[in-house]
$ cat coords.cif   # mmCIF, C-alpha atoms
data_protein
loop_
_atom_site.label_atom_id
_atom_site.label_comp_id
_atom_site.auth_asym_id
_atom_site.auth_seq_id
_atom_site.Cartn_x
_atom_site.Cartn_y
_atom_site.Cartn_z
CA MET A 902 45.29 -21.67 98.79
CA SER A 903 47.37 -23.69 96.36
CA ALA A 904 44.83 -23.10 93.59
CA PHE A 905 45.20 -19.37 94.30
CA SER A 906 48.99 -19.36 94.01
CA THR A 907 49.01 -21.70 90.99
CA VAL A 908 46.59 -19.56 88.98
CA LEU A 909 48.27 -16.32 90.10
CA ALA A 910 51.71 -17.63 89.12
CA ARG A 911 50.48 -18.78 85.72
CA ASP A 912 48.73 -15.48 84.95
CA LEU A 913 51.78 -13.47 86.00
CA ARG A 914 54.02 -15.65 83.85
CA LEU A 915 51.68 -15.22 80.88
CA ALA A 916 51.60 -11.44 81.43
CA LEU A 917 55.38 -11.38 81.56
CA ARG A 918 55.67 -13.35 78.30
CA GLN A 919 53.09 -11.07 76.66
CA SER A 920 54.27 -7.88 78.33
CA ALA A 921 53.09 -5.82 75.36
CA ASP A 922 49.56 -6.05 76.79
CA SER A 923 50.53 -4.33 80.05
CA LEU A 924 52.74 -1.82 78.27
CA THR A 925 49.86 -0.83 76.00
CA VAL A 926 47.77 0.07 79.03
CA VAL A 927 50.53 2.20 80.53
CA ALA A 928 51.22 3.83 77.16
CA PHE A 929 47.53 4.67 76.76
CA PHE A 930 47.48 6.19 80.26
CA ALA A 931 50.51 8.33 79.44
CA ILE A 932 49.32 9.52 76.02
CA ALA A 933 45.76 10.26 77.14
CA THR A 934 47.06 12.29 80.10
CA VAL A 935 49.58 14.21 78.03
CA LEU A 936 46.79 15.26 75.63
CA PHE A 937 45.27 17.45 78.35
CA PRO A 938 48.01 20.11 78.58
CA PHE A 939 47.68 20.46 74.80
CA GLY A 940 43.91 20.68 74.88
CA VAL A 941 43.47 22.84 77.96
CA GLY A 942 46.50 25.06 77.43
CA PRO A 943 49.71 25.45 79.39
CA GLU A 944 48.34 27.60 82.24
CA THR A 945 49.85 26.10 85.37
CA ASN A 946 47.04 26.84 87.79
CA VAL A 947 44.33 25.48 85.46
CA LEU A 948 46.26 22.25 84.97
CA ALA A 949 47.02 21.96 88.69
CA ARG A 950 43.31 22.27 89.46
CA ILE A 951 42.22 19.48 87.11
CA ALA A 952 45.27 17.22 87.57
CA GLY A 953 43.68 14.85 90.07
CA GLY A 954 40.51 14.35 88.04
CA VAL A 955 42.34 13.95 84.74
CA LEU A 956 44.69 11.32 86.16
CA TRP A 957 41.80 9.37 87.67
CA VAL A 958 39.66 9.46 84.51
CA THR A 959 42.51 8.40 82.25
CA ALA A 960 43.57 5.67 84.70
CA LEU A 961 40.01 4.27 84.70
CA LEU A 962 39.86 4.32 80.89
CA ALA A 963 43.27 2.68 80.66
CA ALA A 964 42.24 -0.05 83.09
CA LEU A 965 39.06 -0.57 81.07
CA LEU A 966 41.18 -1.40 78.01
CA SER A 967 42.63 -4.41 79.77
CA LEU A 968 39.53 -5.69 81.58
CA ASP A 969 38.10 -7.96 78.91
CA ARG A 970 41.42 -9.81 78.82
CA ILE A 971 40.87 -11.17 82.35
CA PHE A 972 38.59 -13.96 81.16
CA ALA A 973 38.07 -13.62 77.39
CA VAL A 974 41.26 -15.46 76.37
CA ASP A 975 40.63 -18.31 78.81
CA PHE A 976 37.03 -18.49 77.59
CA GLU A 977 38.04 -18.74 73.93
CA ASP A 978 40.74 -21.40 74.31
CA GLY A 979 38.75 -23.66 76.66
CA THR A 980 40.84 -22.98 79.77
CA LEU A 981 37.81 -21.53 81.53
CA ASP A 982 35.95 -24.87 81.29
CA GLN A 983 38.92 -26.52 82.95
CA LEU A 984 39.19 -23.84 85.65
CA VAL A 985 35.50 -24.26 86.50
CA LEU A 986 36.19 -28.00 86.75
CA ALA A 987 39.39 -27.56 88.75
CA GLY A 988 37.67 -28.80 91.88
CA ALA A 989 38.83 -25.65 93.69
CA PRO A 990 36.26 -23.05 94.75
CA LEU A 991 35.70 -20.82 91.71
CA PRO A 992 35.74 -17.54 93.73
CA VAL A 993 39.30 -18.39 94.81
CA VAL A 994 40.33 -18.80 91.18
CA VAL A 995 38.58 -15.50 90.39
CA VAL A 996 40.46 -13.64 93.14
CA ALA A 997 43.74 -15.07 91.85
CA LYS A 998 43.00 -13.86 88.32
CA VAL A 999 41.90 -10.43 89.56
CA CYS A 1000 45.08 -10.17 91.66
CA ALA A 1001 47.14 -10.96 88.59
CA HIS A 1002 45.22 -8.33 86.61
CA TRP A 1003 45.81 -5.71 89.29
CA LEU A 1004 49.52 -6.54 89.59
CA THR A 1005 50.02 -6.32 85.83
CA THR A 1006 47.89 -3.24 85.07
CA GLY A 1007 46.94 -1.44 88.30
CA VAL A 1008 50.44 -1.38 89.77
CA PRO A 1009 52.15 -0.08 86.59
CA LEU A 1010 49.51 2.68 86.41
CA ILE A 1011 50.22 3.67 90.03
CA LEU A 1012 53.96 3.69 89.36
CA VAL A 1013 53.78 6.06 86.39
CA SER A 1014 51.10 8.33 87.85
CA PRO A 1015 53.56 10.61 89.76
CA LEU A 1016 55.52 11.15 86.54
CA LEU A 1017 52.37 12.11 84.66
CA ALA A 1018 51.32 14.35 87.55
CA VAL A 1019 54.46 16.39 86.85
CA THR A 1020 53.24 17.14 83.32
CA LEU A 1021 50.00 18.46 84.86
CA HIS A 1022 51.81 20.62 87.43
CA LEU A 1023 50.22 18.86 90.39
CA PRO A 1024 51.38 20.71 93.57
CA ALA A 1025 53.71 18.74 95.83
CA ALA A 1026 51.03 18.20 98.48
CA GLY A 1027 48.92 16.17 96.03
CA TYR A 1028 51.39 13.39 95.21
CA GLY A 1029 50.99 11.35 98.39
CA PRO A 1030 47.16 11.32 98.38
CA LEU A 1031 47.11 10.62 94.60
CA VAL A 1032 49.28 7.52 94.92
CA LEU A 1033 47.46 6.34 98.06
CA ALA A 1034 44.06 6.87 96.46
CA LEU A 1035 45.13 4.93 93.37
CA LEU A 1036 46.55 2.20 95.58
CA LEU A 1037 43.21 1.83 97.36
CA GLY A 1038 41.00 2.45 94.32
CA THR A 1039 42.56 0.37 91.54
CA PRO A 1040 41.91 -3.02 93.25
CA THR A 1041 38.23 -2.08 93.31
CA VAL A 1042 38.49 -1.18 89.63
CA SER A 1043 39.82 -4.68 88.89
CA LEU A 1044 37.30 -6.44 91.14
CA VAL A 1045 34.24 -4.62 89.77
CA GLY A 1046 35.60 -4.91 86.24
CA ALA A 1047 35.91 -8.68 86.64
CA VAL A 1048 32.15 -8.98 87.20
CA GLY A 1049 31.51 -7.06 83.99
CA ALA A 1050 34.17 -9.00 82.08
CA ALA A 1051 32.57 -12.29 83.14
CA LEU A 1052 29.08 -11.08 82.22
CA VAL A 1053 29.98 -10.07 78.66
CA LEU A 1054 31.77 -13.35 77.83
CA GLY A 1055 30.47 -14.80 74.62
CA THR A 1056 28.85 -11.61 73.38
CA ARG A 1057 29.98 -9.91 70.21
CA ARG A 1058 31.67 -6.53 70.77
CA GLY A 1059 31.94 -7.39 74.44
CA GLY A 1060 34.43 -4.58 74.98
CA VAL A 1061 31.95 -1.81 74.21
CA LEU A 1062 29.24 -3.45 76.28
CA LEU A 1063 31.74 -3.85 79.11
CA SER A 1064 32.44 -0.09 79.18
CA LEU A 1065 28.73 0.70 79.31
CA LEU A 1066 28.27 -1.81 82.10
CA VAL A 1067 31.25 -0.95 84.25
CA LEU A 1068 32.03 2.75 83.81
CA PRO A 1069 28.94 3.97 85.71
CA LEU A 1070 29.96 1.75 88.61
CA TYR A 1071 33.33 3.52 88.73
CA ILE A 1072 31.77 6.92 89.46
CA PRO A 1073 31.98 6.58 93.28
CA ILE A 1074 35.65 5.60 93.04
CA LEU A 1075 36.26 8.58 90.76
CA ILE A 1076 34.49 11.00 93.14
CA PHE A 1077 36.36 9.95 96.25
CA GLY A 1078 39.68 9.40 94.44
CA THR A 1079 39.60 12.93 93.04
CA ALA A 1080 38.33 14.37 96.32
CA ALA A 1081 41.31 12.89 98.17
CA VAL A 1082 43.68 14.84 95.93
CA GLU A 1083 41.56 18.02 96.08
CA ALA A 1084 41.44 17.91 99.87
CA ALA A 1085 45.22 17.71 100.13
CA LEU A 1086 45.57 20.70 97.78
CA THR A 1087 43.24 22.84 99.92
CA GLY A 1088 45.03 21.86 103.11
CA LEU A 1089 42.35 19.51 104.41
CA PRO A 1090 43.07 15.94 105.51
CA SER A 1091 42.48 13.37 102.78
CA THR A 1092 42.10 10.51 105.25
CA PRO A 1093 38.26 10.43 105.14
CA MET A 1094 38.21 9.97 101.36
CA LEU A 1095 40.95 7.35 101.53
CA SER A 1096 38.95 5.51 104.20
CA VAL A 1097 35.90 5.50 101.94
CA LEU A 1098 38.03 4.12 99.09
CA ALA A 1099 39.32 1.40 101.42
CA GLY A 1100 35.71 0.65 102.35
CA PHE A 1101 34.79 0.28 98.67
CA MET A 1102 37.67 -2.13 98.27
CA VAL A 1103 36.51 -4.32 101.17
CA LEU A 1104 32.97 -4.25 99.83
CA ALA A 1105 34.12 -5.24 96.33
CA LEU A 1106 36.38 -7.97 97.72
CA THR A 1107 33.43 -9.39 99.63
CA PHE A 1108 30.91 -9.55 96.82
CA SER A 1109 32.69 -9.41 93.47
CA PRO A 1110 34.37 -12.88 93.56
CA TRP A 1111 31.04 -14.61 94.11
CA ALA A 1112 29.22 -12.54 91.50
CA THR A 1113 32.05 -13.13 89.03
CA ALA A 1114 32.06 -16.88 89.71
CA ALA A 1115 28.31 -17.05 89.13
CA ALA A 1116 28.67 -15.16 85.84
CA LEU A 1117 31.49 -17.49 84.75
CA ARG A 1118 29.39 -20.59 85.44
CA GLN A 1119 26.67 -19.02 83.35
CA ALA A 1120 29.15 -18.34 80.55
CA VAL A 1121 30.44 -21.92 80.30
CA GLU A 1122 26.97 -23.45 80.38
CA MET B 619 38.10 -48.88 97.58
CA VAL B 620 41.44 -47.36 96.66
CA ARG B 621 43.56 -48.82 93.93
CA PRO B 622 47.07 -47.85 92.93
CA MET B 623 47.63 -46.24 89.59
CA GLY B 624 50.95 -45.68 87.85
CA GLY B 625 54.30 -46.21 89.45
CA ASN B 626 54.45 -43.35 91.92
CA GLY B 627 51.77 -44.41 94.35
CA ASP B 628 48.97 -42.37 92.81
CA SER B 629 45.52 -43.61 93.62
CA PHE B 630 41.92 -42.59 93.31
CA GLN B 631 38.62 -43.59 94.78
CA ILE B 632 36.96 -45.76 92.16
CA GLY B 633 33.23 -45.66 91.77
CA GLY B 634 30.30 -46.14 89.45
CA PHE B 635 28.75 -43.26 87.55
CA SER B 636 25.09 -43.32 86.58
CA GLY B 637 22.29 -41.09 85.42
CA THR B 638 18.54 -41.50 85.24
CA GLY B 639 15.79 -39.67 83.43
CA LEU B 640 18.16 -37.05 82.03
CA ALA B 641 16.79 -34.37 79.78
CA CYS B 642 18.57 -31.35 78.38
CA ARG B 643 17.26 -28.21 76.76
CA ARG B 644 19.39 -25.96 74.56
CA GLY B 645 17.93 -22.71 73.29
CA GLY B 646 14.35 -23.85 73.89
CA ARG B 647 14.84 -27.17 72.07
CA LEU B 648 14.75 -30.42 73.99
CA VAL B 649 17.93 -32.18 72.80
CA PHE B 650 17.31 -35.50 74.51
CA THR B 651 14.92 -36.77 77.13
CA GLY B 652 14.50 -39.84 79.31
CA LEU B 653 18.16 -40.72 78.97
CA ALA B 654 19.67 -43.18 81.44
CA PHE B 655 23.09 -44.78 81.67
CA ASN B 656 25.07 -46.83 84.14
CA LEU B 657 28.84 -46.91 84.07
CA PRO B 658 30.54 -49.36 86.45
CA PRO B 659 34.15 -48.89 87.64
CA GLY B 660 36.48 -49.85 84.80
CA GLY B 661 33.67 -49.44 82.30
CA ALA B 662 33.50 -47.48 79.10
CA LEU B 663 30.55 -45.77 77.50
CA VAL B 664 30.70 -44.72 73.86
CA LEU B 665 28.26 -41.97 72.90
CA ARG B 666 27.06 -42.20 69.33
CA GLY B 667 24.61 -40.22 67.31
CA ALA B 668 24.27 -37.86 64.39
CA ASN B 669 25.60 -34.31 64.53
CA GLY B 670 23.46 -32.31 66.88
CA SER B 671 22.10 -35.33 68.70
CA GLY B 672 23.59 -33.99 71.94
CA LYS B 673 26.86 -35.88 72.49
CA THR B 674 28.77 -32.79 73.61
CA THR B 675 25.75 -31.53 75.55
CA LEU B 676 25.55 -34.81 77.46
CA LEU B 677 29.29 -34.78 78.22
CA ARG B 678 29.11 -31.21 79.54
CA LEU B 679 26.11 -32.22 81.60
CA MET B 680 28.03 -35.18 83.00
CA ALA B 681 30.90 -32.83 83.87
CA GLY B 682 28.55 -30.49 85.71
CA LEU B 683 29.29 -27.61 83.34
CA SER B 684 25.65 -27.33 82.38
CA GLY B 685 22.50 -28.21 84.24
CA ALA B 686 19.94 -30.85 83.32
CA ALA B 687 16.35 -29.89 82.59
CA ALA B 688 15.33 -33.09 84.36
CA GLY B 689 16.96 -36.18 85.83
CA GLN B 690 19.71 -36.95 88.27
CA LEU B 691 23.38 -37.92 88.06
CA ALA B 692 24.83 -40.15 90.75
CA TRP B 693 28.27 -41.29 91.85
CA ASP B 694 28.29 -44.64 93.61
CA LYS B 695 24.49 -44.37 93.74
CA ILE B 696 24.72 -41.14 95.76
CA PRO B 697 23.10 -38.20 93.93
CA ILE B 698 25.63 -35.55 92.90
CA ASP B 699 24.76 -32.22 94.49
CA ASP B 700 28.19 -30.61 95.04
CA PRO B 701 29.59 -29.60 91.64
CA ASP B 702 33.09 -28.91 93.03
CA ALA B 703 33.35 -32.37 94.62
CA HIS B 704 32.19 -33.94 91.36
CA ALA B 705 34.61 -31.83 89.33
CA ALA B 706 37.49 -33.02 91.49
CA ARG B 707 36.97 -36.63 90.41
CA LEU B 708 36.72 -36.09 86.68
CA ARG B 709 38.86 -35.01 83.74
CA PHE B 710 37.08 -33.38 80.82
CA ILE B 711 38.69 -33.06 77.39
CA GLY B 712 36.51 -30.98 75.10
CA HIS B 713 36.76 -29.59 71.59
CA LEU B 714 38.95 -26.76 72.83
CA ASP B 715 42.45 -27.75 73.86
CA ALA B 716 42.94 -25.25 76.72
CA VAL B 717 46.58 -24.86 75.72
CA LYS B 718 48.36 -21.56 76.42
CA PRO B 719 50.46 -20.65 73.35
CA ALA B 720 52.89 -18.50 75.36
CA LEU B 721 53.87 -21.34 77.72
CA THR B 722 56.05 -24.29 76.80
CA VAL B 723 54.60 -27.80 76.55
CA ALA B 724 56.09 -28.72 79.94
CA GLU B 725 54.84 -25.51 81.59
CA ASN B 726 51.33 -26.16 80.31
CA LEU B 727 51.31 -29.59 81.94
CA GLU B 728 52.97 -28.34 85.13
CA PHE B 729 50.21 -25.76 85.60
CA TRP B 730 47.46 -28.38 85.51
CA MET B 731 49.50 -30.72 87.66
CA SER B 732 49.91 -28.23 90.49
CA LEU B 733 46.30 -27.08 90.15
CA TRP B 734 44.94 -30.62 90.49
CA ARG B 735 47.44 -32.12 92.89
CA GLY B 736 48.39 -29.11 94.94
CA ALA B 737 51.77 -27.43 94.79
CA GLY B 738 54.65 -29.44 96.22
CA LEU B 739 53.19 -32.71 94.98
CA ASN B 740 54.77 -32.32 91.58
CA ALA B 741 55.98 -35.86 91.03
CA GLY B 742 57.21 -34.85 87.58
CA ILE B 743 55.41 -34.74 84.32
CA SER B 744 57.60 -37.28 82.51
CA GLN B 745 54.88 -39.93 82.58
CA ALA B 746 52.42 -37.54 80.95
CA LEU B 747 54.97 -36.40 78.37
CA ASP B 748 55.78 -40.00 77.45
CA ALA B 749 52.17 -41.20 77.20
CA PHE B 750 51.59 -39.19 74.04
CA ASP B 751 55.21 -38.97 72.90
CA MET B 752 55.56 -35.29 73.79
CA ARG B 753 59.00 -35.51 75.41
CA PRO B 754 60.93 -34.15 72.39
CA LEU B 755 58.62 -31.12 72.42
CA ALA B 756 58.75 -30.43 76.19
CA GLY B 757 60.72 -27.19 75.90
CA PHE B 758 58.88 -25.82 72.87
CA PRO B 759 56.44 -22.92 73.20
CA ALA B 760 52.99 -24.37 72.60
CA ARG B 761 52.28 -21.77 69.90
CA LEU B 762 54.64 -23.71 67.59
CA LEU B 763 52.62 -26.93 67.87
CA SER B 764 50.43 -28.28 65.08
CA ALA B 765 46.72 -28.90 65.70
CA GLY B 766 47.35 -32.60 66.29
CA GLN B 767 50.24 -31.92 68.67
CA ARG B 768 48.14 -29.42 70.60
CA HIS B 769 45.41 -32.01 70.96
CA ARG B 770 47.98 -34.55 72.19
CA LEU B 771 49.09 -32.01 74.77
CA ALA B 772 45.45 -31.66 75.89
CA LEU B 773 45.17 -35.45 76.16
CA ALA B 774 48.42 -35.61 78.14
CA ARG B 775 46.60 -33.66 80.88
CA LEU B 776 44.77 -36.93 81.61
CA MET B 777 48.05 -38.32 82.88
CA VAL B 778 49.26 -35.51 85.15
CA ALA B 779 46.87 -36.28 87.98
CA PRO B 780 44.73 -39.39 88.44
CA ALA B 781 40.94 -39.12 88.43
CA PRO B 782 38.39 -41.93 88.34
CA LEU B 783 36.19 -40.51 85.58
CA TRP B 784 37.31 -39.36 82.14
CA LEU B 785 34.92 -37.52 79.84
CA LEU B 786 36.37 -37.30 76.34
CA ASP B 787 34.73 -35.40 73.50
CA GLU B 788 35.92 -36.72 70.13
CA PRO B 789 39.41 -37.50 71.51
CA GLY B 790 40.55 -39.02 68.22
CA ASN B 791 40.19 -35.77 66.26
CA ALA B 792 43.35 -34.62 64.46
CA LEU B 793 45.36 -37.58 65.77
CA ASP B 794 47.67 -39.72 63.63
CA GLU B 795 47.85 -43.55 63.71
CA SER B 796 50.45 -43.84 66.46
CA SER B 797 48.72 -41.25 68.66
CA LEU B 798 45.42 -43.11 68.27
CA ALA B 799 47.21 -46.25 69.46
CA ALA B 800 48.65 -44.31 72.40
CA LEU B 801 45.15 -43.05 73.24
CA ALA B 802 43.82 -46.64 73.15
CA ARG B 803 46.64 -47.79 75.47
CA THR B 804 46.00 -44.89 77.88
CA ILE B 805 42.28 -45.59 78.07
CA ALA B 806 42.90 -49.33 78.54
CA ALA B 807 45.36 -48.66 81.40
CA HIS B 808 42.92 -46.24 83.01
CA ARG B 809 40.14 -48.83 82.89
CA ALA B 810 42.43 -51.60 84.14
CA SER B 811 43.06 -49.55 87.29
CA GLY B 812 39.33 -49.14 87.87
CA GLY B 813 38.71 -45.83 86.11
CA ALA B 814 35.61 -45.20 84.05
CA VAL B 815 35.53 -43.38 80.74
CA VAL B 816 32.84 -41.78 78.58
CA VAL B 817 33.79 -41.11 74.97
CA ALA B 818 31.82 -39.22 72.36
CA SER B 819 33.03 -40.50 69.06
CA HIS B 820 32.15 -41.37 65.50
CA GLY B 821 34.83 -44.01 65.10
CA ALA B 822 35.73 -45.43 68.49
CA ALA B 823 38.45 -47.86 67.53
CA PHE B 824 40.35 -46.79 70.65
CA VAL B 825 37.81 -48.19 73.14
CA GLU B 826 37.56 -51.97 73.54
CA ASP B 827 34.27 -53.63 74.49
CA GLY B 828 32.60 -50.47 75.75
CA ALA B 829 28.86 -50.10 76.06
CA THR B 830 27.31 -47.97 73.36
CA LEU B 831 24.73 -45.29 74.00
CA ASN B 832 22.97 -44.14 70.86
CA LEU B 833 21.66 -40.65 71.50
CA GLY B 834 19.37 -40.75 68.50
CA ALA B 835 17.08 -43.04 70.53
CA PHE B 836 16.45 -40.29 73.08
CA THR B 837 15.65 -37.48 70.67
CA PRO B 838 12.05 -36.33 71.17
CA THR B 839 10.11 -37.21 68.04
CA ASP B 840 6.92 -35.20 68.37
CA ALA B 841 6.71 -31.48 67.65
CA SER B 842 5.99 -30.68 71.29
CA HIS B 843 9.69 -30.50 72.15
CA TRP B 844 9.77 -26.93 70.91
CA SER B 845 8.69 -24.93 73.90
CA GLU B 846 7.86 -21.31 74.31
CA GLU B 847 10.44 -20.75 77.07
#
$ encode --input "coords.cif" --output "structure tokens"
Amino acid sequence: MSAFSTVLARDLRLALRQSADSLTVVAFFAIATVLFPFGVGPETNVLARIAGGVLWVTALLAALLSLDRIFAVDFEDGTLDQLVLAGAPLPVVVVAKVCAHWLTTGVPLILVSPLLAVTLHLPAAGYGPLVLALLLGTPTVSLVGAVGAALVLGTRRGGVLLSLLVLPLYIPILIFGTAAVEAALTGLPSTPMLSVLAGFMVLALTFSPWATAAALRQAVE
Amino acid sequence: MVRPMGGNGDSFQIGGFSGTGLACRRGGRLVFTGLAFNLPPGGALVLRGANGSGKTTLLRLMAGLSGAAAGQLAWDKIPIDDPDAHAARLRFIGHLDAVKPALTVAENLEFWMSLWRGAGLNAGISQALDAFDMRPLAGFPARLLSAGQRHRLALARLMVAPAPLWLLDEPGNALDESSLAALARTIAAHRASGGAVVVASHGAAFVEDGATLNLGAFTPTDASHWSEE
């Protein structure tokens, strides 16, 4: 447990010192979302219909921007060798780093999403499910992304490869995340979709740390 | 057997480190084969050999970072099969300094200290700062350090938590005269308390009466070491 808190504390402190990295992600989310009213036109009911999907897609792309940072910097400066040799179980270290990634990118995205929903004229009923769906879905985004980020370590243009590897895996999250918002707008309960998202999160939490740790051991070899 | 180290009651389980029949393959090429070594507690092993003879490869193999194509490593004559348990008794200093530029010198050391010792056991990093004369720089962000200072900071990690086995890859690189002397003193103190050390080096003036392992002797000579793998 102490390895978990030590690595989490260090990553949070680093993110705080280099807060530009997190701000870039949020800024990308905001700008990409705001492009839609310009592209689609100002018709309120069209925007309201696509709001949930647009917010989810842009949130996924924004998160993708930050994924390679989870391990790439540690890999390049030799810290990863030392973390593998820390004597603590590597999956624990992985979960700590993923937690830090979620707290510094996922949480800011969730916090600004209601504001951006306003620009897309999302009806009032959609706000709760949108935030809840993001809350349940973004940890999975970080967990699954970590596997990809560990796999592309050491490759040139890892970022592009990472998108190709990880984006298809995000489709289920996108489907159920958007469906949760849609359901609320049509007066149906969004609980089933949120439950599925929670299920994805548990599944990712169970398998991703081990897969990521295996990929990291491969990378340092 | 447990022996005290330093002034604050630190101790570690001393032991002998050995390997037999080690072979390593990198990118299809057999780097060395049939390599054996035996390192008693308090001993030192200096790895020598031309560039590419596998000094770094052997050190990473000893650390458990990479796997051997053949052979077995053993600690106190017991074969090593749990990489985490082995990792917990060694300190590895490689070519990369593993220094975070955004953290101060003291914060860098504190991170490794709480990772290796467990939070709450922070006895203070003054000993580590003093060993390589880093105290005046303690509050500086590490991004302002020179290459030599960054390397000294990496070496100072050896002092934040005791471990019986040190694996050092060219530890004298980028160091000035007085830092080389400090490195020699640190290694001597480590060995005096029963610790073992493996050093890959071209000029090992900082290790006294260590055994030398010339890796050139284990390079496969015939053409058959290129495999189709």
$ closest_residue --input "coords.cif" --among "B:Pro782, B:Pro719, B:Gly660, B:Gly689" --to "chain A" --atoms "all atoms listed in the file"
B:Pro719
$ resolve_selection --input "coords.cif" --expression "the PyMOL selection byres ((chain B) within 10 of (chain A))" --output "PDB file with C-alpha atoms, in the frame of the given file"
ATOM      1  CA  ARG B 644      19.390 -25.960  74.560  1.00  0.00           C
ATOM      2  CA  THR B 675      25.750 -31.530  75.550  1.00  0.00           C
ATOM      3  CA  ARG B 678      29.110 -31.210  79.540  1.00  0.00           C
ATOM      4  CA  LEU B 679      26.110 -32.220  81.600  1.00  0.00           C
ATOM      5  CA  ALA B 681      30.900 -32.830  83.870  1.00  0.00           C
ATOM      6  CA  GLY B 682      28.550 -30.490  85.710  1.00  0.00           C
ATOM      7  CA  LEU B 683      29.290 -27.610  83.340  1.00  0.00           C
ATOM      8  CA  SER B 684      25.650 -27.330  82.380  1.00  0.00           C
ATOM      9  CA  GLY B 685      22.500 -28.210  84.240  1.00  0.00           C
ATOM     10  CA  PRO B 701      29.590 -29.600  91.640  1.00  0.00           C
ATOM     11  CA  ASP B 702      33.090 -28.910  93.030  1.00  0.00           C
ATOM     12  CA  ALA B 703      33.350 -32.370  94.620  1.00  0.00           C
ATOM     13  CA  HIS B 704      32.190 -33.940  91.360  1.00  0.00           C
ATOM     14  CA  ALA B 705      34.610 -31.830  89.330  1.00  0.00           C
ATOM     15  CA  ALA B 706      37.490 -33.020  91.490  1.00  0.00           C
ATOM     16  CA  ARG B 707      36.970 -36.630  90.410  1.00  0.00           C
ATOM     17  CA  LEU B 708      36.720 -36.090  86.680  1.00  0.00           C
ATOM     18  CA  ARG B 709      38.860 -35.010  83.740  1.00  0.00           C
ATOM     19  CA  PHE B 710      37.080 -33.380  80.820  1.00  0.00           C
ATOM     20  CA  ILE B 711      38.690 -33.060  77.390  1.00  0.00           C
ATOM     21  CA  GLY B 712      36.510 -30.980  75.100  1.00  0.00           C
ATOM     22  CA  HIS B 713      36.760 -29.590  71.590  1.00  0.00           C
ATOM     23  CA  LEU B 714      38.950 -26.760  72.830  1.00  0.00           C
ATOM     24  CA  ASP B 715      42.450 -27.750  73.860  1.00  0.00           C
ATOM     25  CA  ALA B 716      42.940 -25.250  76.720  1.00  0.00           C
ATOM     26  CA  VAL B 717      46.580 -24.860  75.720  1.00  0.00           C
ATOM     27  CA  LYS B 718      48.360 -21.560  76.420  1.00  0.00           C
ATOM     28  CA  PRO B 719      50.460 -20.650  73.350  1.00  0.00           C
ATOM     29  CA  ALA B 720      52.890 -18.500  75.360  1.00  0.00           C
ATOM     30  CA  LEU B 721      53.870 -21.340  77.720  1.00  0.00           C
ATOM     31  CA  GLU B 725      54.840 -25.510  81.590  1.00  0.00           C
ATOM     32  CA  ASN B 726      51.330 -26.160  80.310  1.00  0.00           C
ATOM     33  CA  GLU B 728      52.970 -28.340  85.130  1.00  0.00           C
ATOM     34  CA  PHE B 729      50.210 -25.760  85.600  1.00  0.00           C
ATOM     35  CA  TRP B 730      47.460 -28.380  85.510  1.00  0.00           C
ATOM     36  CA  MET B 731      49.500 -30.720  87.660  1.00  0.00           C
ATOM     37  CA  SER B 732      49.910 -28.230  90.490  1.00  0.00           C
ATOM     38  CA  LEU B 733      46.300 -27.080  90.150  1.00  0.00           C
ATOM     39  CA  TRP B 734      44.940 -30.620  90.490  1.00  0.00           C
ATOM     40  CA  ARG B 735      47.440 -32.120  92.890  1.00  0.00           C
ATOM     41  CA  GLY B 736      48.390 -29.110  94.940  1.00  0.00           C
ATOM     42  CA  ALA B 737      51.770 -27.430  94.790  1.00  0.00           C
ATOM     43  CA  GLY B 738      54.650 -29.440  96.220  1.00  0.00           C
TER      44      GLY B 738
END
$ resolve_selection --input "coords.cif" --expression "the PyMOL selection byres ((chain B and resi 765) around 12)" --output "PyMOL selection string"
chain B and resi 713-715+717+719+760-764+766-772+791-794
$ atom_distance --input "coords.cif" --atom1 "CA of Asp748 in chain B" --atom2 "CA of Asp912 in chain A"
26.6 Å
$ resolve_selection --input "coords.cif" --expression "the PyMOL selection byres ((chain A and resi 1051-1061) around 10)" --output "JSON, numbers by chain"
{"A": [965, 966, 967, 968, 969, 970, 971, 972, 973, 974, 976, 977, 995, 1046, 1047, 1048, 1049, 1050, 1062, 1063, 1064, 1065, 1066, 1112, 1113, 1114, 1115, 1116, 1117, 1118, 1119, 1120, 1121]}
$ closest_residue --input "coords.cif" --among "B:Gln690, B:Pro658, B:Leu648, B:Val778" --to "Gly670 in chain B" --atoms "only C-alpha atoms"
B:Leu648
$ closest_residue --input "coords.cif" --among "B:Leu786, B:Val723, B:Ala818, B:Leu773" --to "Leu755 in chain B" --atoms "all atoms listed in the file"
B:Val723
$ residues_around --input "coords.cif" --residues "range 1000-1002 of chain A" --least-positions-apart "4" --cutoff "7 Å" --atoms "only C-alpha atoms" --output "tab-separated table (two decimals) with C-alpha atoms, in the coordinates of the input"
chain	number	residue	atom	x	y	z
A	909	LEU	CA	48.27	-16.32	90.10
A	912	ASP	CA	48.73	-15.48	84.95
A	913	LEU	CA	51.78	-13.47	86.00
A	971	ILE	CA	40.87	-11.17	82.35
A	996	VAL	CA	40.46	-13.64	93.14
A	1006	THR	CA	47.89	-3.24	85.07
A	1043	SER	CA	39.82	-4.68	88.89
$ closest_residue --input "coords.cif" --among "B:Gly637, B:Gly812, B:Pro659, B:Pro759" --to "Pro697 in chain B" --atoms "all atoms listed in the file"
B:Gly637
$ atom_distance --input "coords.cif" --atom1 "CA of Leu676 in chain B" --atom2 "CA of Phe836 in chain B"
11.5 Å
$ residues_around --input "coords.cif" --residues "Phe1101 in chain A" --least-positions-apart "3" --cutoff "12 Å" --atoms "only C-alpha atoms" --output "ChimeraX atom specification"
/A:1034,1037-1042,1044-1045,1070-1075,1077-1078,1094-1098,1104-1109
